[in-house]
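K.L.:
Structure file query_26.cif, mmCIF, C-alpha atoms, is pasted below:
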data_protein
#
loop_
_atom_site.label_atom_id
_atom_site.label_comp_id
_atom_site.auth_asym_id
_atom_site.auth_seq_id
_atom_site.Cartn_x
_atom_site.Cartn_y
_atom_site.Cartn_z
CA MET A 44 152.02 72.65 15.70
CA ASP A 45 155.04 72.87 13.42
CA PHE A 46 155.03 74.34 9.96
CA LEU A 47 157.54 72.51 7.77
CA ARG A 48 158.54 74.24 4.57
CA PRO A 49 160.80 72.07 2.40
CA GLU A 50 162.30 73.65 -0.74
CA THR A 51 163.17 70.38 -2.48
CA LEU A 52 161.59 66.96 -2.85
CA ALA A 53 164.53 65.27 -1.11
CA GLU A 54 164.06 67.59 1.86
CA ALA A 55 160.32 66.90 1.92
CA LEU A 56 160.85 63.13 1.91
CA ALA A 57 163.42 63.36 4.70
CA LEU A 58 161.01 65.47 6.77
CA LYS A 59 158.09 63.08 6.14
CA SER A 60 160.23 60.14 7.23
CA GLU A 61 161.27 61.96 10.45
CA ARG A 62 157.76 63.26 11.01
CA PRO A 63 155.24 60.70 9.68
CA ASP A 64 152.56 62.59 11.66
CA ALA A 65 153.01 65.69 9.48
CA VAL A 66 150.02 66.37 7.24
CA PRO A 67 150.99 67.35 3.67
CA ILE A 68 149.31 70.53 2.43
CA ALA A 69 149.27 71.82 -1.16
CA GLY A 70 146.16 73.73 -2.30
CA GLY A 71 144.72 73.51 1.20
CA THR A 72 141.18 73.09 -0.12
CA ASP A 73 140.61 70.05 2.14
CA VAL A 74 143.26 70.41 4.86
CA MET A 75 142.48 74.04 5.72
CA VAL A 76 138.75 73.30 6.04
CA GLU A 77 139.58 70.65 8.64
CA LEU A 78 141.83 73.10 10.49
CA ASN A 79 139.38 76.01 10.29
CA PHE A 80 136.62 73.84 11.76
CA ASP A 81 138.87 72.26 14.37
CA HIS A 82 138.20 68.79 12.96
CA ARG A 83 141.88 68.07 12.89
CA ARG A 84 144.88 69.32 14.85
CA PRO A 85 147.93 67.68 13.26
CA ALA A 86 151.30 67.85 15.00
CA ALA A 87 152.77 69.44 11.88
CA LEU A 88 151.89 70.75 8.44
CA LEU A 89 154.21 69.88 5.57
CA ASP A 90 153.88 72.58 2.91
CA LEU A 91 154.50 71.18 -0.58
CA THR A 92 153.90 74.38 -2.56
CA ARG A 93 157.56 75.40 -2.72
CA ILE A 94 158.80 72.24 -4.43
CA PRO A 95 159.17 72.96 -8.16
CA GLU A 96 159.30 69.27 -9.22
CA LEU A 97 155.77 68.72 -7.94
CA ARG A 98 154.37 71.51 -10.09
CA GLU A 99 155.48 70.15 -13.47
CA HIS A 100 153.95 67.78 -15.97
CA SER A 101 155.57 65.91 -18.82
CA SER A 102 154.73 63.30 -21.40
CA GLU A 103 156.70 60.21 -22.34
CA ASN A 104 155.80 57.07 -24.32
CA GLY A 105 152.14 58.00 -24.42
CA VAL A 106 151.83 58.51 -20.67
CA VAL A 107 151.37 61.90 -19.02
CA ARG A 108 153.11 62.35 -15.69
CA ILE A 109 151.34 65.02 -13.67
CA GLY A 110 153.20 66.35 -10.64
CA SER A 111 151.01 66.01 -7.57
CA GLY A 112 151.07 69.79 -7.05
CA VAL A 113 149.75 70.78 -10.49
CA PRO A 114 146.48 72.65 -9.90
CA TYR A 115 143.25 71.73 -11.69
CA VAL A 116 143.27 74.93 -13.73
CA ARG A 117 146.47 73.81 -15.46
CA ILE A 118 145.10 70.33 -16.17
CA ILE A 119 142.12 72.02 -17.85
CA ASP A 120 144.23 74.50 -19.82
CA GLU A 121 147.22 72.34 -20.68
CA LEU A 122 146.15 68.66 -20.68
CA GLY A 123 142.58 68.60 -22.01
CA GLY A 124 143.66 67.15 -25.36
CA ALA A 125 145.57 64.15 -24.04
CA LEU A 126 143.44 63.47 -20.95
CA PRO A 127 139.86 64.41 -21.87
CA ALA A 128 138.01 62.88 -18.91
CA LEU A 129 140.49 64.16 -16.34
CA ALA A 130 140.04 67.67 -17.75
CA MET A 131 136.24 67.25 -17.68
CA ALA A 132 136.31 66.16 -14.05
CA SER A 133 138.72 69.00 -13.22
CA ARG A 134 136.28 71.53 -14.71
CA THR A 135 133.59 70.37 -12.28
CA VAL A 136 135.76 70.87 -9.19
CA GLY A 137 134.57 73.66 -6.88
CA SER A 138 134.95 77.15 -8.33
CA PRO A 139 137.69 79.10 -10.14
CA GLN A 140 139.32 79.93 -6.79
CA ILE A 141 139.33 76.24 -5.81
CA ARG A 142 140.61 75.07 -9.21
CA ASN A 143 143.44 77.62 -8.98
CA ARG A 144 144.68 75.87 -5.82
CA GLY A 145 143.37 72.30 -5.63
CA THR A 146 145.41 69.40 -7.02
CA VAL A 147 144.90 65.79 -8.10
CA GLY A 148 147.56 64.88 -5.54
CA GLY A 149 145.33 66.36 -2.86
CA ASN A 150 142.28 64.55 -4.20
CA LEU A 151 144.20 61.27 -3.87
CA GLY A 152 145.65 62.16 -0.48
CA ALA A 153 142.21 62.97 0.94
CA ALA A 154 140.75 59.85 -0.76
CA SER A 155 137.20 61.04 -0.21
CA PRO A 156 134.72 58.68 -1.90
CA ALA A 157 133.28 61.84 -3.52
CA GLY A 158 136.56 63.14 -4.98
CA ASP A 159 135.88 64.22 -8.55
CA THR A 160 138.95 62.80 -10.27
CA HIS A 161 138.82 59.27 -8.80
CA PRO A 162 136.41 57.60 -11.27
CA VAL A 163 138.45 59.05 -14.13
CA LEU A 164 141.75 57.78 -12.75
CA LEU A 165 140.18 54.33 -12.40
CA VAL A 166 138.88 54.12 -15.98
CA ALA A 167 141.93 55.75 -17.57
CA GLY A 168 144.32 53.21 -16.04
CA ALA A 169 146.20 55.76 -13.92
CA THR A 170 149.08 54.93 -11.59
CA VAL A 171 149.97 56.82 -8.43
CA GLU A 172 153.68 57.56 -7.91
CA ALA A 173 154.47 57.47 -4.19
CA ALA A 174 157.89 58.35 -2.83
CA SER A 175 159.62 58.12 0.50
CA ALA A 176 163.20 58.31 1.71
CA ARG A 177 163.21 54.54 1.05
CA GLY A 178 162.48 54.92 -2.66
CA VAL A 179 159.70 55.28 -5.22
CA ARG A 180 156.84 52.89 -5.92
CA PHE A 181 153.92 52.87 -8.34
CA ILE A 182 150.43 52.03 -7.13
CA PRO A 183 147.69 51.36 -9.70
CA ALA A 184 144.66 53.58 -9.01
CA THR A 185 142.61 50.38 -8.77
CA GLU A 186 144.63 49.42 -5.67
CA PHE A 187 144.93 52.88 -4.15
CA TYR A 188 141.55 53.43 -2.46
CA LEU A 189 141.19 51.29 0.66
CA GLY A 190 138.22 52.80 2.50
CA VAL A 191 136.44 56.04 3.34
CA LYS A 192 139.26 58.62 3.30
CA ARG A 193 141.83 55.82 3.48
CA ASN A 194 144.45 55.15 0.83
CA ALA A 195 147.39 52.82 0.25
CA LEU A 196 150.11 55.32 1.26
CA GLU A 197 152.56 54.42 4.01
CA PRO A 198 153.01 57.03 6.77
CA ASP A 199 156.41 58.13 5.41
CA GLU A 200 155.24 58.41 1.80
CA LEU A 201 154.21 61.42 -0.27
CA ILE A 202 152.32 61.38 -3.56
CA THR A 203 154.76 62.81 -6.07
CA ALA A 204 152.90 62.31 -9.35
CA ILE A 205 150.06 60.65 -11.18
CA HIS A 206 150.74 58.81 -14.43
CA VAL A 207 147.81 58.77 -16.84
CA PRO A 208 147.90 57.17 -20.32
CA ALA A 209 147.18 59.77 -23.01
CA THR A 210 144.35 58.83 -25.33
CA ARG A 211 142.61 59.85 -28.50
CA ALA A 212 139.66 57.56 -27.78
CA PRO A 213 136.48 59.01 -26.29
CA GLN A 214 136.14 59.43 -22.54
CA GLN A 215 133.36 61.03 -20.53
CA PHE A 216 132.78 62.17 -16.96
CA SER A 217 129.54 63.31 -15.42
CA LYS A 218 128.43 64.27 -11.95
CA VAL A 219 125.15 64.99 -10.20
CA GLY A 220 124.82 67.95 -7.83
CA THR A 221 122.44 70.72 -6.92
CA ARG A 222 124.18 73.26 -9.15
CA ASN A 223 127.16 73.45 -11.48
CA ALA A 224 129.66 75.11 -9.15
CA MET A 225 130.73 74.29 -5.61
CA VAL A 226 129.07 70.93 -5.19
CA ILE A 227 130.28 67.75 -3.63
CA ALA A 228 129.09 65.05 -6.01
CA VAL A 229 125.85 63.28 -5.10
CA CYS A 230 127.23 60.63 -7.41
CA SER A 231 129.59 60.65 -10.38
CA PHE A 232 130.54 58.39 -13.23
CA ALA A 233 133.35 58.04 -15.76
CA VAL A 234 133.58 55.92 -18.89
CA ALA A 235 136.56 55.36 -21.19
CA LEU A 236 136.75 53.47 -24.45
CA HIS A 237 139.97 51.52 -25.04
CA PRO A 238 139.60 50.40 -28.69
CA GLY A 239 143.20 49.12 -28.83
CA GLU A 240 142.35 46.58 -26.13
CA ASN A 241 138.71 45.99 -27.16
CA ARG A 242 137.80 47.13 -23.67
CA VAL A 243 135.60 49.66 -21.86
CA GLY A 244 136.38 51.22 -18.48
CA ALA A 245 133.56 52.31 -16.15
CA ALA A 246 133.73 53.60 -12.58
CA VAL A 247 131.45 55.25 -10.02
CA GLY A 248 132.20 57.93 -7.43
CA SER A 249 130.38 59.05 -4.30
CA ALA A 250 128.31 55.86 -4.32
CA ALA A 251 130.33 53.41 -2.19
CA PRO A 252 132.93 53.60 0.63
CA THR A 253 135.54 54.06 -2.09
CA PRO A 254 135.45 55.09 -5.72
CA ARG A 255 135.16 51.81 -7.58
CA ARG A 256 135.09 50.21 -11.00
CA ALA A 257 131.84 48.75 -12.31
CA THR A 258 133.51 45.54 -13.44
CA GLU A 259 130.42 43.66 -14.58
CA ALA A 260 129.26 46.63 -16.63
CA GLU A 261 132.73 46.86 -18.20
CA GLU A 262 132.75 43.16 -19.08
CA PHE A 263 129.20 43.18 -20.43
CA LEU A 264 129.81 46.12 -22.75
CA SER A 265 133.30 45.04 -23.83
CA GLY A 266 131.95 41.57 -24.66
CA GLU A 267 128.95 42.97 -26.52
CA LEU A 268 131.03 45.36 -28.63
CA THR A 269 133.66 42.76 -29.41
CA ALA A 270 131.16 40.00 -30.27
CA THR A 271 129.31 42.25 -32.71
CA GLY A 272 132.52 43.54 -34.33
CA GLN A 273 131.70 47.11 -33.39
CA TRP A 274 135.23 48.23 -32.50
CA GLU A 275 136.07 47.92 -36.21
CA SER A 276 132.72 49.02 -37.64
CA PRO A 277 130.74 50.85 -34.98
CA LYS A 278 126.98 51.20 -35.33
CA PRO A 279 124.53 53.11 -33.15
CA LEU A 280 124.17 51.26 -29.85
CA LEU A 281 120.95 49.39 -29.13
CA ASP A 282 118.85 50.94 -26.37
CA SER A 283 118.76 47.54 -24.69
CA VAL A 284 122.59 47.54 -24.50
CA LYS A 285 122.75 51.05 -23.07
CA ARG A 286 120.01 50.22 -20.56
CA ARG A 287 121.72 47.00 -19.43
CA PHE A 288 125.02 48.87 -19.07
CA GLY A 289 123.27 51.44 -16.85
CA GLU A 290 121.69 48.72 -14.70
CA LEU A 291 125.02 47.00 -14.18
CA VAL A 292 126.70 50.30 -13.27
CA ALA A 293 123.97 50.96 -10.67
CA GLN A 294 124.45 47.43 -9.31
CA ALA A 295 128.16 48.06 -8.82
CA ALA A 296 127.42 50.87 -6.37
CA SER A 297 126.64 50.44 -2.68
CA PRO A 298 125.55 53.94 -1.74
CA ILE A 299 124.18 55.25 1.53
CA ASP A 300 121.39 57.67 2.41
CA ASP A 301 122.90 60.99 3.48
CA VAL A 302 122.29 64.74 3.36
CA ARG A 303 123.19 64.92 -0.31
CA GLY A 304 120.87 62.18 -1.53
CA SER A 305 119.30 58.81 -0.86
CA ALA A 306 120.84 55.50 -1.82
CA ALA A 307 117.94 54.78 -4.15
CA TYR A 308 118.32 58.13 -5.90
CA ARG A 309 122.06 57.60 -6.32
CA LYS A 310 121.54 54.19 -7.94
CA HIS A 311 118.92 55.57 -10.29
CA ALA A 312 121.04 58.61 -11.16
CA LEU A 313 124.07 56.42 -11.84
CA SER A 314 122.14 54.28 -14.32
CA VAL A 315 121.09 57.49 -16.11
CA LEU A 316 124.61 58.96 -16.07
CA ALA A 317 126.04 55.69 -17.38
CA ARG A 318 123.56 55.46 -20.24
CA ARG A 319 124.02 59.11 -21.16
CA THR A 320 127.81 59.28 -21.00
CA LEU A 321 128.10 56.02 -22.93
CA GLY A 322 125.82 57.52 -25.57
CA TRP A 323 128.07 60.57 -25.90
CA ALA A 324 131.27 58.54 -25.95
CA TRP A 325 129.90 56.10 -28.51
CA GLN A 326 128.58 58.86 -30.74
CA ASP A 327 132.07 60.37 -30.64
CA TYR A 328 133.61 56.98 -31.48
CA THR A 329 131.16 56.36 -34.32
CA GLY A 330 131.98 59.81 -35.74
CA LYS A 331 135.70 59.18 -35.50
CA ALA A 332 135.50 55.72 -37.06
CA ALA A 333 133.31 56.88 -39.97
CA MET B 53 155.89 81.77 13.93
CA ARG B 54 156.74 84.89 11.96
CA VAL B 55 155.35 85.41 8.46
CA ASN B 56 156.87 87.85 5.97
CA VAL B 57 154.63 88.61 3.04
CA THR B 58 154.23 91.38 0.50
CA VAL B 59 150.71 92.78 0.76
CA ASN B 60 149.49 95.37 -1.74
CA GLY B 61 153.07 96.12 -2.70
CA GLU B 62 154.26 96.62 0.85
CA GLN B 63 156.57 94.29 2.77
CA ARG B 64 154.66 93.20 5.90
CA GLN B 65 155.52 91.09 8.90
CA ALA B 66 153.17 89.22 11.23
CA ASP B 67 154.36 87.74 14.51
CA ASP B 68 152.97 85.04 16.80
CA VAL B 69 151.11 83.48 13.91
CA TRP B 70 149.67 80.07 14.80
CA GLU B 71 150.94 77.44 12.34
CA GLY B 72 147.41 76.32 11.45
CA GLU B 73 146.16 79.84 10.87
CA SER B 74 144.77 81.00 7.53
CA LEU B 75 146.08 83.84 5.40
CA LEU B 76 142.63 85.43 5.84
CA TYR B 77 143.10 85.58 9.61
CA VAL B 78 146.55 87.11 9.21
CA LEU B 79 145.23 89.77 6.84
CA ARG B 80 142.23 90.72 8.96
CA GLU B 81 143.42 90.28 12.51
CA ARG B 82 147.17 90.81 12.35
CA LEU B 83 147.73 93.21 9.45
CA GLY B 84 144.64 95.39 9.88
CA LEU B 85 143.16 94.65 6.45
CA PRO B 86 139.51 93.76 7.08
CA GLY B 87 138.43 94.19 3.43
CA SER B 88 138.57 90.45 2.77
CA LYS B 89 135.57 89.00 4.57
CA ASN B 90 135.36 85.94 6.78
CA ALA B 91 132.22 83.88 6.30
CA CYS B 92 132.20 80.20 5.45
CA GLU B 93 135.86 79.33 6.16
CA GLN B 94 135.58 76.44 3.69
CA GLY B 95 136.03 78.00 0.26
CA GLU B 96 132.31 77.99 -0.56
CA CYS B 97 131.44 81.69 -0.47
CA GLY B 98 134.39 83.49 -2.04
CA SER B 99 134.09 86.48 0.34
CA CYS B 100 137.76 86.16 1.26
CA THR B 101 139.06 86.11 -2.34
CA VAL B 102 142.49 87.73 -2.76
CA TYR B 103 145.26 87.48 -5.32
CA LEU B 104 148.13 85.22 -4.28
CA ASP B 105 150.98 85.71 -6.75
CA ASP B 106 148.40 87.17 -9.20
CA VAL B 107 146.03 84.18 -8.94
CA PRO B 108 142.62 84.58 -7.22
CA VAL B 109 142.30 82.22 -4.27
CA CYS B 110 140.19 81.84 -1.14
CA SER B 111 142.49 83.24 1.54
CA CYS B 112 140.69 81.12 4.16
CA LEU B 113 142.17 78.04 2.46
CA VAL B 114 145.76 79.31 2.30
CA ALA B 115 147.83 78.43 5.36
CA ALA B 116 149.57 81.56 6.66
CA GLY B 117 152.96 79.91 6.27
CA GLN B 118 152.26 79.21 2.60
CA ALA B 119 152.13 82.97 2.00
CA GLN B 120 155.70 83.46 3.26
CA ASP B 121 157.69 85.45 0.67
CA ARG B 122 154.69 85.55 -1.66
CA GLU B 123 152.74 88.52 -3.00
CA VAL B 124 149.20 89.12 -1.86
CA ARG B 125 146.85 91.72 -3.31
CA THR B 126 143.63 92.34 -1.43
CA VAL B 127 140.58 94.44 -2.29
CA GLU B 128 142.30 97.30 -0.43
CA GLY B 129 145.07 97.19 -3.03
CA LEU B 130 142.92 97.64 -6.16
CA ALA B 131 142.28 101.41 -5.99
CA GLU B 132 145.09 103.83 -6.75
CA GLY B 133 144.99 106.39 -3.95
CA ASP B 134 141.51 107.86 -3.97
CA ALA B 135 140.80 106.74 -7.52
CA LEU B 136 138.68 103.61 -7.55
CA ASP B 137 139.50 100.80 -9.92
CA PRO B 138 137.05 100.64 -12.88
CA VAL B 139 135.59 97.45 -11.40
CA GLN B 140 134.86 99.22 -8.12
CA GLU B 141 133.34 102.21 -9.95
CA ALA B 142 131.17 99.85 -11.96
CA PHE B 143 129.86 98.10 -8.82
CA VAL B 144 128.86 101.50 -7.39
CA GLU B 145 127.29 102.77 -10.62
CA ALA B 146 125.38 99.56 -11.37
CA GLY B 147 123.97 99.31 -7.86
CA ALA B 148 125.61 95.92 -7.43
CA VAL B 149 126.11 96.43 -3.70
CA GLN B 150 123.40 95.84 -1.13
CA CYS B 151 124.58 94.65 2.28
CA GLY B 152 128.13 94.71 0.89
CA PHE B 153 129.48 91.63 2.60
CA CYS B 154 130.18 89.66 -0.57
CA THR B 155 131.36 92.73 -2.48
CA PRO B 156 135.13 92.58 -1.77
CA GLY B 157 135.34 88.97 -2.96
CA LEU B 158 133.22 89.64 -6.01
CA VAL B 159 135.25 92.73 -6.87
CA VAL B 160 138.51 90.75 -6.79
CA ALA B 161 137.00 87.89 -8.85
CA ALA B 162 135.55 90.36 -11.37
CA HIS B 163 138.84 92.30 -11.46
CA ASP B 164 140.67 89.11 -12.41
CA LEU B 165 138.13 88.32 -15.14
CA VAL B 166 138.13 91.72 -16.85
CA ASN B 167 141.93 91.82 -16.75
CA ARG B 168 142.20 88.38 -18.36
CA VAL B 169 139.25 88.50 -20.76
CA PRO B 170 138.71 91.82 -22.59
CA ASP B 171 135.07 91.30 -23.62
CA PRO B 172 133.66 88.49 -21.48
CA SER B 173 130.46 86.73 -22.55
CA ASP B 174 127.67 86.19 -20.01
CA PRO B 175 128.55 82.51 -19.54
CA GLU B 176 132.18 83.54 -18.94
CA ILE B 177 131.08 86.09 -16.34
CA ARG B 178 128.84 83.54 -14.61
CA GLU B 179 131.62 80.96 -14.58
CA ALA B 180 134.16 83.46 -13.23
CA LEU B 181 131.82 84.44 -10.39
CA ALA B 182 130.62 80.89 -9.64
CA GLY B 183 132.74 80.76 -6.49
CA ASN B 184 131.22 83.90 -4.95
CA LEU B 185 127.90 83.86 -3.13
CA CYS B 186 125.61 86.88 -2.73
CA ARG B 187 122.40 86.56 -0.74
CA CYS B 188 120.97 90.03 -1.46
CA THR B 189 121.14 91.05 -5.07
CA GLY B 190 120.00 88.04 -7.07
CA TYR B 191 123.21 88.64 -9.09
CA GLU B 192 121.59 90.61 -11.94
CA LYS B 193 123.10 93.94 -10.88
CA ILE B 194 126.42 92.22 -10.29
CA LEU B 195 126.38 90.90 -13.87
CA ASP B 196 125.53 94.44 -15.03
CA ALA B 197 128.49 95.74 -13.03
CA VAL B 198 130.92 93.27 -14.59
CA ARG B 199 129.71 94.08 -18.12
CA LEU B 200 130.13 97.79 -17.31
CA ALA B 201 133.56 97.14 -15.78
CA ALA B 202 134.67 95.34 -18.92
CA ARG B 203 133.57 98.31 -21.05
CA LYS B 204 135.33 100.79 -18.73
CA LYS B 205 138.45 98.69 -18.81
CA SER B 206 138.62 98.53 -22.60
CA ALA B 207 137.88 102.27 -22.86
CA GLN B 208 140.68 102.91 -20.38
CA GLN B 209 143.06 100.76 -22.41
CA LYS B 210 142.09 102.50 -25.65
CA SER B 211 142.70 105.95 -24.18
CA ALA B 212 146.05 104.78 -22.81
CA ARG B 213 147.16 103.82 -26.31
#
Mind converting the file's structure to structure tokens?
P.N.:
Amino acid sequence: MDFLRPETLAEALALKSERPDAVPIAGGTDVMVELNFDHRRPAALLDLTRIPELREHSSENGVVRIGSGVPYVRIIDELGGALPALAMASRTVGSPQIRNRGTVGGNLGAASPAGDTHPVLLVAGATVEAASARGVRFIPATEFYLGVKRNALEPDELITAIHVPATRAPQQFSKVGTRNAMVIAVCSFAVALHPGENRVGAAVGSAAPTPRRATEAEEFLSGELTATGQWESPKPLLDSVKRRFGELVAQAASPIDDVRGSAAYRKHALSVLARRTLGWAWQDYTGKAA
Amino acid sequence: MRVNVTVNGEQRQADDVWEGESLLYVLRERLGLPGSKNACEQGECGSCTVYLDDVPVCSCLVAAGQAQDREVRTVEGLAEGDALDPVQEAFVEAGAVQCGFCTPGLVVAAHDLVNRVPDPSDPEIREALAGNLCRCTGYEKILDAVRLAARKKSAQQKSAR
């Protein structure tokens, strides 16, 4: 095995193009587990922790660009105001030790259906910045997840950043597990209100081969809120609307039975999470509008 | 490969390190520092917690090569000579140690907390220790130890002023 240790992004991209079999490693919270358990024996490791550009974040024209190597702890401490749901999801990742090391870039690279930040990136309208020696391209989160642990990256590409629109509108994230710390989600859910576009975003995690949007639930709720003029003058949501939203979210999932939970439980839990998080987000919106 | 790393203030060198090896393995098996414990090897138990450039991490999840030219502080590096750190004293005095396997990781995690947060609340203590598993104590004595450590620490800082 080779250990490749680029000091600059240009060097990293050149190495990845020469060695497409090299596995990128940042926080190591996924990659090292695979190595420790002999599940994976890559020909090379490409260490990204020495590249300063990947560890910065910046904000421009209402969009936050988060370097792929920024650890969760900094998203929580530094970006909670602009990116509420991403910070919420980051708080639920692992433990302090894991949040000190793990990165959104790694979450995307691993593309586990259970990754905590995925539903948030889907509802917030995030874009993945992927670079190679050939150039840079931008992949919408909605087109990034292709299958279980498969993503849209080419073999010579590295994730360099994630672009997430900043918002002042309510967002929520919630996840089911056996305790608060150190759990892989049984299922998870994110919701985002986009009042400027009269639109709601909703997405499920750990309940299908990929994280995915609950499109019918989004359309139902967006239509309902728009038709009743509630973006301008919000009123408490009818229970029937919240319940229908939850049902449609559950329908969007195609979970499996596994050690963490049954498919039936996951669907039920998702409908509850959807109803609850929508309630919180809407209460927040009603308070803000009043 | 060769790895050069500062450990507990001392420049150390490890040779014949396998590229996929963890920092934990290097510390325990190559540098003779068995304080950090090896248990789950997947970041679940926190027994291998060390400081890497002043940030607590699971050393089982740090590739050895990532520690090159960095500073590591292990549980062995907390005491000054024979004088235990206040956190270590507190663990002894509160009876927070039973089998002792989780203790080094918990001591490092608690050390980080009381150095960052002068008077931590119970929820803050629980959150700070959420990445460390103990199967003996039921955690109550550990919480006592961290509260005591925080008091010792602030007393120490007051007397230093």
K.L.:
Select from chain B every residue with an atom at most 8 Å from any atom of chain A, then for each give the shortest pair of atoms and their distance in Å to one decimal, using only C-alpha atoms, rows by chain and rising number, as a Markdown table.
P.N.:
| residue | atom | partner | partner_atom | distance |
| --- | --- | --- | --- | --- |
| B:Trp70 | CA | A:Met44 | CA | 7.8 |
| B:Glu71 | CA | A:Phe46 | CA | 5.7 |
| B:Gly72 | CA | A:Leu78 | CA | 6.5 |
| B:Glu73 | CA | A:Asn79 | CA | 7.8 |
| B:Ser74 | CA | A:Met75 | CA | 7.5 |
| B:Glu93 | CA | A:Asn79 | CA | 6.4 |
| B:Gln94 | CA | A:Val76 | CA | 5.0 |
| B:Gly95 | CA | A:Thr72 | CA | 7.1 |
| B:Glu96 | CA | A:Met225 | CA | 6.5 |
| B:Gly98 | CA | A:Gln140 | CA | 7.7 |
| B:Thr101 | CA | A:Gln140 | CA | 7.6 |
| B:Val107 | CA | A:Asn143 | CA | 7.1 |
| B:Pro108 | CA | A:Gln140 | CA | 5.7 |
| B:Val109 | CA | A:Gln140 | CA | 4.5 |
| B:Cys110 | CA | A:Gln140 | CA | 6.0 |
| B:Cys112 | CA | A:Met75 | CA | 7.5 |
| B:Leu113 | CA | A:Met75 | CA | 5.2 |
| B:Val114 | CA | A:Gly71 | CA | 6.0 |
| B:Ala115 | CA | A:Met75 | CA | 6.9 |
| B:Gly117 | CA | A:Phe46 | CA | 7.0 |
| B:Gln118 | CA | A:Asp90 | CA | 6.8 |
| B:Glu179 | CA | A:Pro139 | CA | 7.7 |
| B:Ala180 | CA | A:Pro139 | CA | 6.4 |
| B:Leu181 | CA | A:Pro139 | CA | 7.9 |
| B:Ala182 | CA | A:Ser138 | CA | 5.9 |
| B:Gly183 | CA | A:Ser138 | CA | 4.6 |
K.L.:
I'd like the contact shell of Leu321 (chain A) - 8 Å cut-off, all atoms listed in the file, skipping same-chain residues fewer than 5 positions apart - returned as a count of residues only.
P.N.:
3
K.L.:
In Å to one decimal, how far is CA of Cys92 (chain B) from CA of Thr160 (chain A)?
P.N.:
24.4 Å
K.L.:
Just say which residues the PyMOL selection byres ((chain A and resi 104) around 12) picks in this file, as an MDAnalysis selection string.
P.N.:
chainID A and resid 101:103 105:108 206:210
K.L.:
For Arg122 (chain B), work out the shell of residues within 6 Å, counting all atoms listed in the file and skipping chain neighbours fewer than 2 positions away, then give it as a list in words.
P.N.:
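Counting only the stated atoms, we get Val57, Ala119 and Gln120 of chain B.
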K.L.:
Can you tell me how far CA of Cys154 (chain B) sits from CA of Cys186 (chain B), in Å to one decimal?
P.N.:
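Value for the CA of Cys154 (chain B)-CA of Cys186 (chain B) distance: 5.8 Å.
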K.L.:
Taking the file as I've supplied it (selection: the PyMOL selection byres ((chain A and resi 54) around 12)), which residues are included? Please answer as a PDB file with C-alpha atoms, in the frame of the given file.
P.N.:
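Result went into selection.pdb, see below:
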ATOM      1  CA  LEU A  47     157.540  72.510   7.770  1.00  0.00           C
ATOM      2  CA  ARG A  48     158.540  74.240   4.570  1.00  0.00           C
ATOM      3  CA  PRO A  49     160.800  72.070   2.400  1.00  0.00           C
ATOM      4  CA  GLU A  50     162.300  73.650  -0.740  1.00  0.00           C
ATOM      5  CA  THR A  51     163.170  70.380  -2.480  1.00  0.00           C
ATOM      6  CA  LEU A  52     161.590  66.960  -2.850  1.00  0.00           C
ATOM      7  CA  ALA A  53     164.530  65.270  -1.110  1.00  0.00           C
ATOM      8  CA  ALA A  55     160.320  66.900   1.920  1.00  0.00           C
ATOM      9  CA  LEU A  56     160.850  63.130   1.910  1.00  0.00           C
ATOM     10  CA  ALA A  57     163.420  63.360   4.700  1.00  0.00           C
ATOM     11  CA  LEU A  58     161.010  65.470   6.770  1.00  0.00           C
ATOM     12  CA  LYS A  59     158.090  63.080   6.140  1.00  0.00           C
ATOM     13  CA  SER A  60     160.230  60.140   7.230  1.00  0.00           C
ATOM     14  CA  GLU A  61     161.270  61.960  10.450  1.00  0.00           C
ATOM     15  CA  ARG A  62     157.760  63.260  11.010  1.00  0.00           C
ATOM     16  CA  LEU A  89     154.210  69.880   5.570  1.00  0.00           C
ATOM     17  CA  ASP A  90     153.880  72.580   2.910  1.00  0.00           C
ATOM     18  CA  LEU A  91     154.500  71.180  -0.580  1.00  0.00           C
ATOM     19  CA  ARG A  93     157.560  75.400  -2.720  1.00  0.00           C
ATOM     20  CA  ILE A  94     158.800  72.240  -4.430  1.00  0.00           C
ATOM     21  CA  SER A 175     159.620  58.120   0.500  1.00  0.00           C
ATOM     22  CA  ALA A 176     163.200  58.310   1.710  1.00  0.00           C
ATOM     23  CA  LEU A 201     154.210  61.420  -0.270  1.00  0.00           C
TER      24      LEU A 201
END
K.L.:
I'd like the contact shell of region 197-202 of chain B - 10 Å cut-off, only C-alpha atoms, skipping same-chain residues fewer than 2 positions apart - returned as a count of residues only.
P.N.:
40
K.L.:
Between CA of Glu261 (chain A) and CA of Phe232 (chain A), what is the distance, to one decimal in Å?
P.N.:
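Going from CA of Glu261 (chain A) over to CA of Phe232 (chain A) covers 12.7 Å.
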K.L.:
Return as a list of chain:residue names the set of residues that the PyMOL selection byres ((chain A and resi 243-254) around 6) yields on the displayed structure.
P.N.:
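Selected by the PyMOL selection byres ((chain A and resi 243-254) around 6) here: A:Pro156, A:Ala157, A:Pro162, A:Val166, A:Gly190, A:Val191, A:Cys230, A:Ser231, A:Phe232, A:Ala233, A:Val234, A:Ala235, A:Leu236, A:His237, A:Arg242, A:Arg255, A:Arg256, A:Ala257, A:Glu261, A:Ser265, A:Ala296, A:Ser297, A:Pro298.
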K.L.:
Measuring atom to atom with all atoms listed in the file, identify which of A:Asn194, A:Thr271, A:Thr185, A:Thr135 is nearest to Gly152 (chain A).
P.N.:
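Of A:Asn194, A:Thr271, A:Thr185, A:Thr135, the one nearest Gly152 (chain A), counting all atoms listed in the file, is A:Asn194.
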